[in-house]
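Student: Would you mind keeping the following structure in view while I ask a few things?
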Amino acid sequence: MTKRLSRLAAQVWYQKTAVGALLWPLSKLFEAIVWLRRTGYRLGLRKTTTFKVPVVVVGNITVGGAGKTPLVLWLAQFLKAQGYHPGIVSRGYGGKPEGWPQWVDAASAAGAVGDEALLIATKTGCPMAVSPRRPEACRSLLDKASCDVLLSDDGLQHYALGRTIEIAVIDGERRFGNGWCLPAGPLRESVTRLKEVDLIVVNGGEARPGEFAMRMTMQEAVNLMTGERRLLAEFKSAPCHAVAGIGHPARFFQGLERAGLTCITHDFPDHFAFQARDVDYGDALPVLMTEKDAVKCKQFANARLWAVPVEANLDPAFAARLIELLSETHDR
């Protein structure tokens, strides 16, 4: 049922339909509620928590995957290379710990902290904390680790968290769909919100003036059971299964196809809680999946299961502008 609803939403949101038109009045109501909520923060009627270190929020204005997590991974590694000591916070979507905030490291369970958080902490090695109340996660990081900059994975609309720099990620292929807010369209906020962010990153498609291009590359696969690494080209000789439980599965499938693979695709809802039966297709073909899905499948890994790392490549002008913005925060 969840998969059917996801597909129906995609059909309504990314083209003009009668269903979308019927929902349009509700989208205007949603837009008004969002505006009123944000105005409450601007007027001081609702509390915004700020911190002594810069806070960089990476988010988007649409529902579904736009490429935030690969960008956060890139930012963490880039900032470390520049001499910074970043900490990372996230909501911990899908996690069910005993209490919040929750510390995240490579030994954490995806069921407790969320799949994206576990992937980020494992790949970056940065201190990380998750909580639906992101200021709590930030305080936890600053209490336990020596961080001089905080990255928030998602949270563009989480106005309780004060921010120094806002980065909005856009799906360059789908962009803003029909241009309407929820539930008639995919927008969490009006497109005019982008005029206020500091940096706009476009994942795929063509970057427009004022936007920075981000390209994803996939070159190898890592076996979940043995850790063996193989070039994707080595999977060209026979069909393979491709699994994705992310916001936009088609992007992953298309990347594999561009690498020359013949894929039998299996899409699942975002943050899907995989069980062994979900990736058992009754044959000996390899099963390739996203890294985010892989962290949930390691507990029942076998030799057929492979994770495909995705690497973000950013316009050099983006890096230069980011450093410039961070330097400005130290001069204030």
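Residue numbers start at 1 in each chain; chains themselves are named A, B, ... in the order of the structure tokens; ligands are numbered from 1 in the order shown.
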For A:Phe252, please output as a count of residues only all residues within 12 Å (counting only C-alpha atoms; exclusion window: fewer than 2 positions along the same chain).

Tutor: 37

Student: Hey, what does DSSP flag as strand (DSSP E) within stretch 52-286 of chain A? Can you give it to me as a PyMOL selection string?

Tutor: chain A and resi 55-59+86-90+102-104+128-130+149-153+165-171+199-203+212-217+220-223+229-231+240-244+263-267

Student: If I take atom CA of A:Tyr41 and atom CA of A:Leu156, how far is one from the other in Å, to one decimal?

Tutor: 13.4 Å

Student: Skipping near chain neighbours, those fewer than 4 positions away, what residues fall within 12 Å of A:Lys195 using only C-alpha atoms, listed as number ranges by chain?

Tutor: A: 61, 166-168, 189-191, 199-200, 210-211

Student: With stretch 159-162 of chain A as the partner and 7 Å as the cut-off, tabulate the residues of stretch 45-100 of chain A that qualify, each row holding the nearest pair of atoms and their distance in Å to one decimal, using only C-alpha atoms, sorted by chain and rising number, as a Markdown table.

Tutor:
| residue | atom | partner | partner_atom | distance |
| --- | --- | --- | --- | --- |
| A:Lys47 | CA | A:Ala160 | CA | 6.0 |
| A:Thr48 | CA | A:Ala160 | CA | 4.3 |
| A:Thr49 | CA | A:Gly162 | CA | 5.3 |
| A:Thr50 | CA | A:Gly162 | CA | 4.7 |

Student: Please run DSSP on the backbone and report, as a ChimeraX atom specification, all residues within stretch 122-212 of chain A that come out as alpha helix (DSSP H).

Tutor: /A:122-124,134-144

Student: Restricting the calculation to only C-alpha atoms, which member of A:Gly94, A:Gly59, A:Pro25, A:Gly20 is positioned closest to A:Val197?

Tutor: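 Of all the options, A:Gly59 lies closest to A:Val197.
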
Student: Nearest to A:Val222: which of A:Leu305, A:Ile264, A:Val58, A:Leu79 is it, counting only C-alpha atoms?

Tutor: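 Distance minimum relative to A:Val222 lands on A:Leu305.
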
Student: Between atom CA of A:Asn178 and atom CA of A:Leu36, what is the distance, to one decimal in Å?

Tutor: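 Atom CA of A:Asn178 sits 23.1 Å away from atom CA of A:Leu36.
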
Student: For A:Ser108, work out the shell of residues within 12 Å, counting only C-alpha atoms and skipping chain neighbours fewer than 6 positions away, then give it as a ChimeraX atom specification.

Tutor: /A:92,95-97,102,114-122,128-130,295-296

Student: Between A:Ala301, A:Leu182, A:Gln219, A:Phe272, single out the one closest to A:Leu29, counting only C-alpha atoms.

Tutor: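 Of A:Ala301, A:Leu182, A:Gln219, A:Phe272, the one nearest A:Leu29 is A:Leu182, counting only C-alpha atoms.
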
Student: Write out as a ChimeraX atom specification each polymer residue whose atoms come within 10 Å of A:Ser237, counting only C-alpha atoms; drop sequence neighbours fewer than 3 positions from it.

Tutor: /A:233-234,240,260-262

Student: Just the residues within 9 Å of A:Ala145, please, counting only C-alpha atoms, with nothing from its chain fewer than 5 positions along; format it as a list in words.

Tutor: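 Non-adjacent residues within range: Gly87, Pro127 and Ser140 of chain A.
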
Student: Rank A:Met225, A:Cys147, A:Leu194, A:Ala9 by their smallest atom-to-atom distance to A:Gly64, using only C-alpha atoms, and report the top residue only.

Tutor: A:Ala9

Student: Please report the interatomic distance between atom CA of A:Tyr281 and atom CA of A:Phe253 in Å with one decimal.

Tutor: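 According to the coordinates, atom CA of A:Tyr281 and atom CA of A:Phe253 are separated by 17.4 Å.
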
Student: Tell me, as an mmCIF file with N, CA, C and O atoms, in the first residue's frame, which residues lie within 10 Å of A:Pro132, counting only C-alpha atoms; anything in the same chain fewer than 5 positions away does not count.

Tutor:
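File written: around.cif
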data_model
loop_
_atom_site.group_PDB
_atom_site.id
_atom_site.type_symbol
_atom_site.label_atom_id
_atom_site.label_comp_id
_atom_site.auth_asym_id
_atom_site.auth_seq_id
_atom_site.Cartn_x
_atom_site.Cartn_y
_atom_site.Cartn_z
ATOM 1 N N VAL A 89 24.425 16.624 12.700
ATOM 2 C CA VAL A 89 23.160 16.316 13.366
ATOM 3 C C VAL A 89 22.121 15.954 12.317
ATOM 4 O O VAL A 89 22.217 16.344 11.155
ATOM 5 N N SER A 90 21.137 15.187 12.757
ATOM 6 C CA SER A 90 20.057 14.779 11.875
ATOM 7 C C SER A 90 18.846 14.465 12.729
ATOM 8 O O SER A 90 18.948 14.342 13.959
ATOM 9 N N ARG A 91 17.719 14.330 12.083
ATOM 10 C CA ARG A 91 16.498 13.982 12.810
ATOM 11 C C ARG A 91 16.548 12.543 13.304
ATOM 12 O O ARG A 91 15.952 12.195 14.319
ATOM 13 N N GLY A 92 17.249 11.669 12.575
ATOM 14 C CA GLY A 92 17.245 10.250 12.920
ATOM 15 C C GLY A 92 15.978 9.575 12.456
ATOM 16 O O GLY A 92 15.427 8.702 13.147
ATOM 17 N N TYR A 93 15.531 9.949 11.236
ATOM 18 C CA TYR A 93 14.255 9.434 10.720
ATOM 19 C C TYR A 93 14.263 7.908 10.668
ATOM 20 O O TYR A 93 15.197 7.299 10.164
ATOM 21 N N TRP A 100 16.087 10.502 23.322
ATOM 22 C CA TRP A 100 16.785 11.466 22.480
ATOM 23 C C TRP A 100 17.510 12.455 23.380
ATOM 24 O O TRP A 100 17.074 12.707 24.497
ATOM 25 N N PRO A 101 18.589 13.079 22.886
ATOM 26 C CA PRO A 101 19.284 12.800 21.623
ATOM 27 C C PRO A 101 20.064 11.500 21.696
ATOM 28 O O PRO A 101 20.369 11.008 22.796
ATOM 29 N N ALA A 137 20.346 17.852 19.682
ATOM 30 C CA ALA A 137 21.445 17.094 19.085
ATOM 31 C C ALA A 137 22.697 17.952 18.998
ATOM 32 O O ALA A 137 23.812 17.480 19.262
ATOM 33 N N GLY A 155 16.592 19.695 7.577
ATOM 34 C CA GLY A 155 16.306 20.700 8.597
ATOM 35 C C GLY A 155 16.110 22.101 8.060
ATOM 36 O O GLY A 155 16.088 23.060 8.831
ATOM 37 N N HIS A 158 13.278 23.304 9.776
ATOM 38 C CA HIS A 158 13.306 23.146 11.231
ATOM 39 C C HIS A 158 13.827 24.455 11.833
ATOM 40 O O HIS A 158 14.994 24.572 12.213
#

Student: Between A:Lys236, A:Ser146, A:Leu322, A:Gly185, which is the closest to A:Lys16 once you count only C-alpha atoms?

Tutor: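 Checking each candidate against A:Lys16, we get A:Gly185 as the closest.
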
Student: Pick from A:Gly44, A:Pro286, A:Gly172, A:Pro54: nearest to A:Ser327, with only C-alpha atoms counted?

Tutor: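 Of A:Gly44, A:Pro286, A:Gly172, A:Pro54, the one nearest A:Ser327 is A:Pro54, counting only C-alpha atoms.
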